[in-house]
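**Student:** Input structure: my_file-v6.csv, which contains CSV, C-alpha atoms and all ligand atoms.
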```
chain,number,residue,atom,x,y,z
A,1,MET,CA,-52.9,-199.5,-33.1
A,2,SER,CA,-53.2,-197.2,-30.1
A,3,THR,CA,-54.6,-193.8,-30.4
A,4,PRO,CA,-52.0,-191.0,-29.8
A,5,GLU,CA,-52.4,-189.0,-26.6
A,6,THR,CA,-53.6,-185.5,-27.2
A,7,ALA,CA,-52.5,-182.5,-25.2
A,8,THR,CA,-56.0,-181.1,-24.9
A,9,ALA,CA,-57.6,-182.1,-21.6
A,10,VAL,CA,-61.2,-183.1,-21.9
A,11,ALA,CA,-63.5,-181.5,-19.3
A,12,PRO,CA,-65.4,-184.0,-17.3
A,13,ALA,CA,-69.1,-184.5,-17.9
A,14,ARG,CA,-71.1,-182.5,-15.4
A,15,ILE,CA,-74.4,-183.5,-13.8
A,16,ALA,CA,-77.1,-181.1,-12.8
A,17,HIS,CA,-78.5,-182.0,-9.4
A,18,HIS,CA,-82.0,-181.1,-8.3
A,19,ARG,CA,-81.9,-178.2,-5.8
A,20,ARG,CA,-84.4,-176.8,-3.3
A,21,TYR,CA,-84.0,-173.1,-2.5
A,22,LEU,CA,-85.5,-170.4,-0.3
A,23,MET,CA,-86.0,-167.0,-1.8
A,24,CYS,CA,-87.7,-163.7,-0.8
A,25,ARG,CA,-89.4,-161.3,-3.2
A,26,PRO,CA,-87.7,-157.9,-2.9
A,27,GLU,CA,-91.0,-156.1,-2.4
A,28,HIS,CA,-89.5,-153.8,0.2
A,29,PHE,CA,-86.1,-153.5,-1.4
A,30,THR,CA,-84.3,-150.2,-1.0
A,31,VAL,CA,-81.0,-148.9,0.4
A,32,ASN,CA,-81.7,-146.7,3.4
A,33,TYR,CA,-78.7,-147.6,5.5
A,34,SER,CA,-75.2,-148.7,4.8
A,35,ILE,CA,-73.6,-151.8,6.3
A,36,ASN,CA,-71.2,-152.7,3.4
A,37,PRO,CA,-69.2,-150.6,0.9
A,38,TRP,CA,-71.7,-151.3,-1.9
A,39,MET,CA,-74.6,-149.6,-0.1
A,40,GLU,CA,-75.0,-145.8,-0.7
A,41,PRO,CA,-78.3,-144.6,0.7
A,42,ALA,CA,-77.9,-141.3,-1.2
A,43,ASN,CA,-78.2,-143.1,-4.5
A,44,PRO,CA,-81.8,-143.9,-5.6
A,45,THR,CA,-82.9,-147.5,-6.0
A,46,ASP,CA,-85.7,-148.9,-8.1
A,47,THR,CA,-87.8,-151.5,-6.4
A,48,ALA,CA,-89.8,-152.4,-9.5
A,49,LYS,CA,-86.5,-153.1,-11.3
A,50,ALA,CA,-85.2,-155.1,-8.4
A,51,LEU,CA,-88.4,-157.2,-8.6
A,52,GLU,CA,-88.1,-157.7,-12.3
A,53,GLN,CA,-84.5,-158.8,-12.1
A,54,TRP,CA,-85.2,-161.1,-9.1
A,55,GLN,CA,-88.1,-162.7,-11.0
A,56,LYS,CA,-85.7,-163.7,-13.8
A,57,LEU,CA,-83.6,-165.6,-11.3
A,58,TYR,CA,-86.6,-167.2,-9.8
A,59,ASP,CA,-88.0,-168.2,-13.2
A,60,LEU,CA,-84.7,-169.6,-14.3
A,61,TYR,CA,-84.5,-171.9,-11.2
A,62,LEU,CA,-87.9,-173.3,-12.0
A,63,GLU,CA,-87.0,-173.7,-15.7
A,64,LEU,CA,-84.0,-175.7,-14.6
A,65,GLY,CA,-86.3,-178.0,-12.7
A,66,HIS,CA,-85.4,-176.8,-9.2
A,67,GLU,CA,-87.8,-176.1,-6.4
A,68,VAL,CA,-88.1,-172.6,-4.9
A,69,GLU,CA,-89.8,-171.9,-1.6
A,70,LEU,CA,-90.8,-168.3,-0.7
A,71,ILE,CA,-90.7,-166.5,2.6
A,72,GLU,CA,-93.0,-163.5,3.1
A,73,PRO,CA,-91.0,-160.2,2.9
A,74,LEU,CA,-91.2,-158.0,6.0
A,75,ALA,CA,-91.7,-154.3,5.7
A,76,GLY,CA,-88.8,-152.4,7.1
A,77,TYR,CA,-86.3,-155.2,6.3
A,78,PRO,CA,-85.0,-154.2,2.8
A,79,ASP,CA,-82.2,-156.8,3.0
A,80,MET,CA,-84.5,-159.7,3.6
A,81,VAL,CA,-84.2,-160.5,-0.2
A,82,TYR,CA,-80.8,-161.8,0.6
A,83,THR,CA,-82.0,-165.1,2.0
A,84,ALA,CA,-78.6,-166.7,2.0
A,85,ASN,CA,-78.2,-164.9,5.3
A,86,GLY,CA,-81.4,-166.4,6.7
A,87,GLY,CA,-79.8,-169.7,7.8
A,88,PHE,CA,-77.6,-172.6,7.0
A,89,VAL,CA,-79.3,-175.9,6.3
A,90,ILE,CA,-78.0,-179.5,6.1
A,91,ASP,CA,-80.0,-182.7,6.4
A,92,GLY,CA,-83.2,-180.9,7.4
A,93,ARG,CA,-81.5,-179.1,10.3
A,94,ALA,CA,-81.5,-175.3,10.1
A,95,TYR,CA,-79.0,-173.2,12.0
A,96,VAL,CA,-80.6,-169.8,12.5
A,97,PRO,CA,-78.6,-166.6,12.0
A,98,ASP,CA,-77.9,-163.8,14.5
A,99,PHE,CA,-77.0,-160.8,12.4
A,100,TYR,CA,-74.0,-158.7,13.1
A,101,TYR,CA,-75.8,-155.4,12.4
A,102,GLU,CA,-78.8,-154.1,14.3
A,103,GLU,CA,-80.5,-153.3,11.0
A,104,ARG,CA,-81.0,-156.9,10.1
A,105,LYS,CA,-81.4,-158.6,13.5
A,106,GLY,CA,-85.2,-158.6,13.1
A,107,GLU,CA,-85.1,-160.9,10.1
A,108,ALA,CA,-83.8,-163.8,12.2
A,109,PRO,CA,-87.1,-164.6,14.0
A,110,ALA,CA,-89.0,-164.6,10.7
A,111,PHE,CA,-86.5,-167.2,9.2
A,112,ALA,CA,-86.6,-169.3,12.4
A,113,GLU,CA,-90.4,-169.3,12.2
A,114,TRP,CA,-90.3,-170.3,8.5
A,115,PHE,CA,-88.0,-173.2,9.2
A,116,ARG,CA,-90.2,-174.4,12.1
A,117,ALA,CA,-93.4,-174.2,10.1
A,118,ASN,CA,-91.7,-176.1,7.2
A,119,GLY,CA,-90.6,-179.0,9.3
A,120,PHE,CA,-86.9,-178.2,9.8
A,121,ASP,CA,-85.1,-179.1,13.0
A,122,THR,CA,-84.5,-175.5,13.9
A,123,VAL,CA,-81.4,-174.6,16.0
A,124,MET,CA,-81.2,-171.1,17.6
A,125,PRO,CA,-77.7,-169.6,17.7
A,126,LYS,CA,-75.7,-168.3,20.6
A,127,GLU,CA,-73.1,-166.7,18.3
A,128,ILE,CA,-73.2,-164.0,15.7
A,129,ASN,CA,-73.5,-165.6,12.3
A,130,GLU,CA,-75.0,-164.7,8.9
A,131,GLY,CA,-76.0,-168.2,7.6
A,132,GLU,CA,-75.0,-169.3,4.2
A,133,GLY,CA,-73.5,-165.9,3.5
A,134,ASP,CA,-70.5,-167.2,5.5
A,135,PHE,CA,-71.0,-171.0,5.6
A,136,LEU,CA,-70.6,-173.0,2.4
A,137,LEU,CA,-70.8,-176.8,2.2
A,138,ALA,CA,-68.0,-178.2,0.1
A,139,GLY,CA,-68.5,-182.0,0.1
A,140,ASP,CA,-68.4,-183.1,3.7
A,141,VAL,CA,-66.6,-180.0,4.9
A,142,ILE,CA,-68.1,-176.6,6.0
A,143,LEU,CA,-66.0,-173.7,4.7
A,144,ALA,CA,-66.6,-170.8,7.2
A,145,GLY,CA,-65.9,-167.2,6.6
A,146,THR,CA,-65.0,-164.6,9.3
A,147,GLY,CA,-63.5,-161.2,9.4
A,148,PHE,CA,-66.5,-158.9,8.8
A,149,ARG,CA,-69.7,-160.6,9.8
A,150,SER,CA,-69.9,-164.1,11.3
A,151,ALA,CA,-67.8,-164.4,14.5
A,152,GLY,CA,-65.1,-166.9,14.9
A,153,ASP,CA,-67.1,-168.5,17.7
A,154,SER,CA,-69.9,-169.3,15.3
A,155,HIS,CA,-67.4,-171.6,13.5
A,156,ARG,CA,-67.2,-173.7,16.7
A,157,GLU,CA,-71.0,-173.5,17.1
A,158,VAL,CA,-71.7,-174.6,13.5
A,159,HIS,CA,-69.3,-177.6,14.0
A,160,GLU,CA,-71.3,-178.5,17.1
A,161,VAL,CA,-74.7,-178.2,15.3
A,162,PHE,CA,-73.7,-180.3,12.3
A,163,GLY,CA,-70.8,-182.4,13.6
A,164,ARG,CA,-68.8,-181.7,10.4
A,165,GLU,CA,-65.3,-180.5,9.9
A,166,VAL,CA,-65.2,-176.7,9.7
A,167,VAL,CA,-62.5,-174.8,7.9
A,168,THR,CA,-62.1,-171.2,9.0
A,169,LEU,CA,-61.3,-168.7,6.2
A,170,THR,CA,-60.5,-165.1,7.0
A,171,LEU,CA,-61.8,-162.4,4.7
A,172,VAL,CA,-59.7,-159.2,4.4
A,173,ASP,CA,-61.3,-157.0,1.7
A,174,ALA,CA,-64.4,-155.1,2.9
A,175,ARG,CA,-66.0,-155.4,-0.6
A,176,PHE,CA,-66.1,-159.1,-0.1
A,177,TYR,CA,-67.5,-159.2,3.4
A,178,HIS,CA,-69.3,-162.5,3.2
A,179,LEU,CA,-67.7,-165.8,2.2
A,180,ASP,CA,-70.2,-166.2,-0.7
A,181,THR,CA,-69.0,-163.0,-2.3
A,182,ALA,CA,-65.4,-164.4,-2.6
A,183,LEU,CA,-65.9,-168.2,-3.1
A,184,THR,CA,-68.4,-170.3,-4.8
A,185,ILE,CA,-69.2,-174.1,-4.6
A,186,LEU,CA,-69.5,-175.5,-8.1
A,187,ASP,CA,-70.4,-179.0,-7.1
A,188,PRO,CA,-73.2,-179.1,-4.6
A,189,VAL,CA,-73.2,-182.9,-4.5
A,190,VAL,CA,-70.0,-185.0,-4.6
A,191,GLU,CA,-69.3,-188.7,-4.0
A,192,PRO,CA,-68.0,-189.4,-0.4
A,193,GLY,CA,-64.3,-188.6,-0.2
A,194,GLN,CA,-64.3,-186.5,-3.3
A,195,THR,CA,-63.3,-182.9,-3.4
A,196,ALA,CA,-66.0,-180.4,-4.5
A,197,GLY,CA,-65.1,-178.0,-7.3
A,198,ILE,CA,-64.8,-174.5,-6.1
A,199,ALA,CA,-63.9,-171.1,-7.5
A,200,TYR,CA,-62.5,-168.2,-5.5
A,201,LEU,CA,-60.9,-164.8,-5.5
A,202,PRO,CA,-57.5,-165.3,-3.8
A,203,HIS,CA,-57.0,-161.6,-2.8
A,204,ALA,CA,-60.2,-161.6,-0.7
A,205,PHE,CA,-58.5,-163.9,1.8
A,206,ASP,CA,-55.6,-163.5,4.2
A,207,GLU,CA,-52.4,-165.4,3.4
A,208,ALA,CA,-53.0,-168.3,5.8
A,209,SER,CA,-56.5,-168.9,4.3
A,210,GLN,CA,-55.1,-168.7,0.7
A,211,LYS,CA,-52.7,-171.4,1.7
A,212,ILE,CA,-55.4,-173.6,3.1
A,213,LEU,CA,-57.5,-173.2,0.0
A,214,ALA,CA,-54.6,-173.9,-2.3
A,215,GLU,CA,-53.8,-177.1,-0.4
A,216,ARG,CA,-57.3,-178.4,-0.1
A,217,PHE,CA,-58.5,-177.4,-3.5
A,218,PRO,CA,-55.6,-177.6,-5.9
A,219,ASP,CA,-58.0,-177.8,-8.9
A,220,ALA,CA,-60.0,-174.7,-7.9
A,221,ILE,CA,-60.8,-172.0,-10.5
A,222,LEU,CA,-58.9,-168.9,-9.5
A,223,VAL,CA,-61.0,-165.9,-10.5
A,224,ALA,CA,-59.5,-162.6,-11.8
A,225,ASP,CA,-60.0,-159.4,-9.8
A,226,GLU,CA,-62.3,-157.9,-12.4
A,227,ASP,CA,-64.7,-160.8,-12.3
A,228,GLY,CA,-64.6,-160.8,-8.5
A,229,ALA,CA,-65.3,-157.1,-8.4
A,230,VAL,CA,-68.6,-157.5,-10.3
A,231,PHE,CA,-69.7,-160.2,-7.8
A,232,GLY,CA,-69.0,-163.0,-10.3
A,233,LEU,CA,-68.4,-165.4,-7.5
A,234,ASN,CA,-71.8,-164.7,-5.9
A,235,SER,CA,-73.3,-167.5,-8.1
A,236,ALA,CA,-75.4,-170.6,-7.8
A,237,SER,CA,-74.5,-174.0,-9.2
A,238,ASP,CA,-76.4,-177.2,-9.5
A,239,GLY,CA,-73.3,-179.1,-10.6
A,240,TYR,CA,-73.7,-178.3,-14.3
A,241,ASN,CA,-75.6,-175.0,-14.7
A,242,VAL,CA,-73.9,-172.1,-13.0
A,243,ILE,CA,-75.9,-168.9,-12.7
A,244,ILE,CA,-73.5,-165.9,-12.8
A,245,SER,CA,-73.5,-162.2,-13.4
A,246,PRO,CA,-73.3,-161.3,-17.1
A,247,ARG,CA,-70.4,-159.0,-16.2
A,248,ALA,CA,-68.2,-161.8,-15.1
A,249,THR,CA,-67.0,-162.7,-18.6
A,250,GLY,CA,-63.7,-164.2,-17.7
A,251,PHE,CA,-65.2,-166.5,-15.1
A,252,GLU,CA,-67.9,-167.5,-17.7
A,253,LYS,CA,-65.1,-168.6,-20.0
A,254,GLN,CA,-63.3,-170.5,-17.2
A,255,LEU,CA,-66.5,-172.3,-16.3
A,256,ARG,CA,-67.1,-173.4,-19.9
A,257,GLU,CA,-63.5,-174.8,-20.2
A,258,ARG,CA,-64.3,-176.9,-17.1
A,259,GLY,CA,-67.4,-178.4,-18.6
A,260,TYR,CA,-69.9,-176.3,-16.7
A,261,ASN,CA,-72.8,-174.4,-18.3
A,262,PRO,CA,-72.7,-170.8,-17.2
A,263,LEU,CA,-76.1,-168.9,-17.5
A,264,THR,CA,-76.3,-165.2,-16.8
A,265,VAL,CA,-78.8,-163.2,-14.8
A,266,ASP,CA,-78.3,-159.5,-14.2
A,267,LEU,CA,-79.1,-158.5,-10.7
A,268,SER,CA,-77.5,-155.0,-11.0
A,269,GLU,CA,-80.2,-153.4,-8.9
A,270,LEU,CA,-79.7,-155.8,-6.0
A,271,LEU,CA,-76.0,-155.2,-6.2
A,272,LEU,CA,-76.7,-151.7,-4.9
A,273,GLY,CA,-77.5,-153.5,-1.6
A,274,GLY,CA,-74.2,-155.4,-1.9
A,275,GLY,CA,-75.8,-158.7,-2.9
A,276,GLY,CA,-76.1,-160.9,-6.0
A,277,ILE,CA,-77.4,-164.3,-7.2
A,278,LYS,CA,-76.1,-166.4,-4.3
A,279,CYS,CA,-77.1,-163.8,-1.7
A,280,CYS,CA,-80.7,-164.2,-3.0
A,281,THR,CA,-80.6,-168.0,-2.7
A,282,LEU,CA,-80.6,-170.2,0.4
A,283,GLU,CA,-80.0,-173.9,-0.1
A,284,LEU,CA,-82.6,-176.1,1.7
A,285,ARG,CA,-80.8,-179.5,2.1
A,286,GLY,CA,-83.0,-182.4,3.1
A,287,ALA,CA,-86.2,-182.3,5.3
B,301,LIG,N1,-77.1,-155.6,2.4
B,301,LIG,C1,-76.9,-156.9,2.8
B,301,LIG,C2,-75.9,-156.9,4.0
B,301,LIG,O1,-75.0,-156.2,3.9
B,301,LIG,C3,-76.4,-157.8,1.7
B,301,LIG,C4,-76.2,-159.2,2.1
B,301,LIG,C5,-75.6,-160.0,1.0
B,301,LIG,N2,-75.7,-161.4,1.3
B,301,LIG,C6,-74.8,-162.3,1.0
B,301,LIG,N3,-75.1,-163.5,1.3
B,301,LIG,N4,-73.6,-162.0,0.7
B,301,LIG,O2,-76.1,-157.7,4.9
```
Spell out the structure here as structure tokens.
**Tutor:**
Amino acid sequence: MSTPETATAVAPARIAHHRRYLMCRPEHFTVNYSINPWMEPANPTDTAKALEQWQKLYDLYLELGHEVELIEPLAGYPDMVYTANGGFVIDGRAYVPDFYYEERKGEAPAFAEWFRANGFDTVMPKEINEGEGDFLLAGDVILAGTGFRSAGDSHREVHEVFGREVVTLTLVDARFYHLDTALTILDPVVEPGQTAGIAYLPHAFDEASQKILAERFPDAILVADEDGAVFGLNSASDGYNVIISPRATGFEKQLRERGYNPLTVDLSELLLGGGGIKCCTLELRGA
């Protein structure tokens, strides 16, 4: 006798993949300039609280079995904690950023030096780009954000550096000024030819980009505005465990339904600088 088909879809089994990350302790964290709508220099920040919250993320990565490298924080560069902007790394090659705003330009040489000292094939940029803040690897394809920070020309450059297909996505809402604030890669490792699971906030993109995303990622999780607005998409996934903001409750539910294991870490203090979990995390792929 055959078993009757049930209407309930079974979420696929997810696999956690070992990750290697670069982080930077927020020892000098403060908000004393404003380069995104979240930053209000008039509001006080609490560096001790930022350190405490950051430590929880660091500890969780280690608990999950991941490897975390640290770069020495530079005094006078309060945004250096957001290491996602420190580069874009695939197969041991690191493409160095050139920050859009003067306030952060001085971080780039420190990241370049770190990559060199740690054996990465280090490529200096000609174009303005803010690293993994705007470049996300989805399977074989590089999703590249523009509109606020990384220049369109950096999309050509990143294609030349890595020889991979680059898909340009245009951001239109100033609150979501980096691609990693509006889109997250849920499957950091996929079989060749397979599509990576992603989640995104449709309204953060222009119409043409929304169309591209819908065509390329028909199974993507579309996140509600209220989850996007608390930086729910600024998350880090190993393919099973997805670390998200505790405030993104709708997204948490969506992840569970798809068979992922959402874990929450509150980085409310770092959100005052306009960054969250992913911003504090740079993927080091191969080397
Ligand atoms: N204050 C930083 C800036 O505006 C925050 C960077 C957040 N990083 C990110 N990957 N989204 O540059």
**Student:** Show me which residues sit within 7 Å of ligand LIG 301 (chain B) when counting all atoms listed in the file, and put them as a PDB file with C-alpha atoms, in the frame of the given file.
**Tutor:**
```pdb
ATOM      1  CA  ILE A  35     -73.600-151.800   6.300  1.00  0.00           C
ATOM      2  CA  ASN A  36     -71.200-152.700   3.400  1.00  0.00           C
ATOM      3  CA  MET A  39     -74.600-149.600  -0.100  1.00  0.00           C
ATOM      4  CA  ASP A  79     -82.200-156.800   3.000  1.00  0.00           C
ATOM      5  CA  TYR A  82     -80.800-161.800   0.600  1.00  0.00           C
ATOM      6  CA  ALA A  84     -78.600-166.700   2.000  1.00  0.00           C
ATOM      7  CA  ASN A  85     -78.200-164.900   5.300  1.00  0.00           C
ATOM      8  CA  GLU A 132     -75.000-169.300   4.200  1.00  0.00           C
ATOM      9  CA  GLY A 133     -73.500-165.900   3.500  1.00  0.00           C
ATOM     10  CA  HIS A 178     -69.300-162.500   3.200  1.00  0.00           C
ATOM     11  CA  ASP A 180     -70.200-166.200  -0.700  1.00  0.00           C
ATOM     12  CA  THR A 181     -69.000-163.000  -2.300  1.00  0.00           C
ATOM     13  CA  GLY A 273     -77.500-153.500  -1.600  1.00  0.00           C
ATOM     14  CA  GLY A 274     -74.200-155.400  -1.900  1.00  0.00           C
ATOM     15  CA  GLY A 275     -75.800-158.700  -2.900  1.00  0.00           C
ATOM     16  CA  LYS A 278     -76.100-166.400  -4.300  1.00  0.00           C
ATOM     17  CA  CYS A 279     -77.100-163.800  -1.700  1.00  0.00           C
TER      18      CYS A 279
END
```
**Student:** Using all atoms listed in the file, which residue out of A:Thr195, A:Leu57, A:Ser245, A:Leu272 lies closest to Ser34 of chain A?
**Tutor:**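 So, comparing all the options, the nearest one is A:Leu272.
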**Student:** Counting all atoms listed in the file, which residues come within 6 Å of (-68.7, -165.2, 5.9), with the point read in the file's coordinates, and could you list them as a list in words?
**Tutor:** Gly133, Asp134, Gly145, Thr146, Ser150, His178 and Leu179 of chain A
**Student:** When you look at segment 102-114 of chain A with a cut-off of 8 Å (counting all atoms listed in the file), what residues show up, excluding the ones that are within fewer than 6 positions of it in the same chain? I need them as a VMD selection string.
**Tutor:** chain A and resid 71 74 77 79 to 80 86 to 87 96 122 124
**Student:** Set the distance at 9 Å and use all atoms listed in the file: which residues neighbour Pro73 of chain A once local chain neighbours fewer than 4 positions away are removed? I'd like the list as a list in words.
**Tutor:**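 My list of contacting residues is Cys24, Arg25, Pro26, Glu27, His28, Tyr77, Pro78, Met80 and Val81 of chain A.
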**Student:** Just how far from atom CA of Gly228 of chain A is atom CA of Ala144 of chain A, in Å to one decimal?
**Tutor:**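 The value is 18.7 Å.
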**Student:** So that I can check the surroundings of Gly286 of chain A, please list as a ChimeraX atom specification every protein, DNA and RNA residue that reaches within 12 Å of it, counting all atoms listed in the file and ignoring chain neighbours fewer than 5 positions away.
**Tutor:** /A:18-21,88-94,118-121
**Student:** Could you jot down the atom CA of Leu136 of chain A to atom CA of Leu271 of chain A separation for me, Å, one decimal place?
**Tutor:**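 Distance between the two atoms: 20.5 Å.
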**Student:** Would you pick out the contacts of Phe217 of chain A at 9 Å or less, using only C-alpha atoms, so that residues sharing its chain but fewer than 2 positions from it are not included, and give the list as a list in words?
**Tutor:**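 Non-adjacent residues within range: Thr195, Ala196, Gly197, Ile198, Ile212, Leu213, Ala214, Glu215, Asp219 and Ala220 of chain A.
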**Student:** Env of Phe251 of chain A: 12 Å cut, atoms = all atoms listed in the file, seq-sep filter 5 positions within chain, self excluded. Answer as an mmCIF file with C-alpha atoms, in the frame of the given file.
**Tutor:**
```cif
data_model
loop_
_atom_site.group_PDB
_atom_site.id
_atom_site.type_symbol
_atom_site.label_atom_id
_atom_site.label_comp_id
_atom_site.auth_asym_id
_atom_site.auth_seq_id
_atom_site.Cartn_x
_atom_site.Cartn_y
_atom_site.Cartn_z
ATOM 1 C CA THR A 184 -68.400 -170.300 -4.800
ATOM 2 C CA ALA A 199 -63.900 -171.100 -7.500
ATOM 3 C CA TYR A 200 -62.500 -168.200 -5.500
ATOM 4 C CA LEU A 201 -60.900 -164.800 -5.500
ATOM 5 C CA ILE A 221 -60.800 -172.000 -10.500
ATOM 6 C CA LEU A 222 -58.900 -168.900 -9.500
ATOM 7 C CA VAL A 223 -61.000 -165.900 -10.500
ATOM 8 C CA ALA A 224 -59.500 -162.600 -11.800
ATOM 9 C CA ASP A 225 -60.000 -159.400 -9.800
ATOM 10 C CA GLU A 226 -62.300 -157.900 -12.400
ATOM 11 C CA ASP A 227 -64.700 -160.800 -12.300
ATOM 12 C CA GLY A 228 -64.600 -160.800 -8.500
ATOM 13 C CA ALA A 229 -65.300 -157.100 -8.400
ATOM 14 C CA VAL A 230 -68.600 -157.500 -10.300
ATOM 15 C CA PHE A 231 -69.700 -160.200 -7.800
ATOM 16 C CA GLY A 232 -69.000 -163.000 -10.300
ATOM 17 C CA LEU A 233 -68.400 -165.400 -7.500
ATOM 18 C CA ASN A 234 -71.800 -164.700 -5.900
ATOM 19 C CA SER A 235 -73.300 -167.500 -8.100
ATOM 20 C CA VAL A 242 -73.900 -172.100 -13.000
ATOM 21 C CA ILE A 243 -75.900 -168.900 -12.700
ATOM 22 C CA ILE A 244 -73.500 -165.900 -12.800
ATOM 23 C CA SER A 245 -73.500 -162.200 -13.400
ATOM 24 C CA PRO A 246 -73.300 -161.300 -17.100
ATOM 25 C CA ARG A 256 -67.100 -173.400 -19.900
ATOM 26 C CA GLU A 257 -63.500 -174.800 -20.200
ATOM 27 C CA ARG A 258 -64.300 -176.900 -17.100
ATOM 28 C CA TYR A 260 -69.900 -176.300 -16.700
ATOM 29 C CA ASN A 261 -72.800 -174.400 -18.300
ATOM 30 C CA PRO A 262 -72.700 -170.800 -17.200
ATOM 31 C CA LEU A 263 -76.100 -168.900 -17.500
ATOM 32 C CA THR A 264 -76.300 -165.200 -16.800
#
```
**Student:** Mind giving me the straight-line distance from atom CA of Leu22 of chain A to atom CA of Gln254 of chain A in Å, one decimal?
**Tutor:**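 About the pair atom CA of Leu22 of chain A and atom CA of Gln254 of chain A: they are 27.9 Å apart.
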**Student:** For a cut-off of 9 Å around (-82.2, -169.9, -11.6), file coordinates, pick out all residues using all atoms listed in the file and list them as a VMD selection string.
**Tutor:** chain A and resid 56 to 64 66 236 241 to 243 263 265 277
**Student:** Would you mind telling me which residue in A:Thr281, A:Asp46, A:Asp187, A:Glu207 lies nearest to Arg14 of chain A when using only C-alpha atoms?
**Tutor:** A:Asp187
**Student:** Between A:Tyr100, A:Phe148, A:Phe115, A:Tyr240, which has the minimum distance to His17 of chain A (counting all atoms listed in the file)?
**Tutor:** A:Tyr240
**Student:** From the set A:Ala208, A:Leu186, A:Val141, A:Ala174, which residue has the shortest atom-to-atom contact distance to Trp38 of chain A, counting all atoms listed in the file?
**Tutor:**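 Counting all atoms listed in the file, the residue closest to Trp38 of chain A is A:Ala174.
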**Student:** Quick one: of A:Ala16, A:Val172, A:Leu137, A:Val10, who's nearest to Asp238 of chain A, counting only C-alpha atoms?
**Tutor:**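 The answer is A:Ala16, which sits nearest to Asp238 of chain A.
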**Student:** So, counting all atoms listed in the file, which residue among A:Leu143, A:Leu169, A:Thr83, A:Glu252 is closest to Leu70 of chain A?
**Tutor:**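 That would be A:Thr83, the residue with the smallest distance to Leu70 of chain A.
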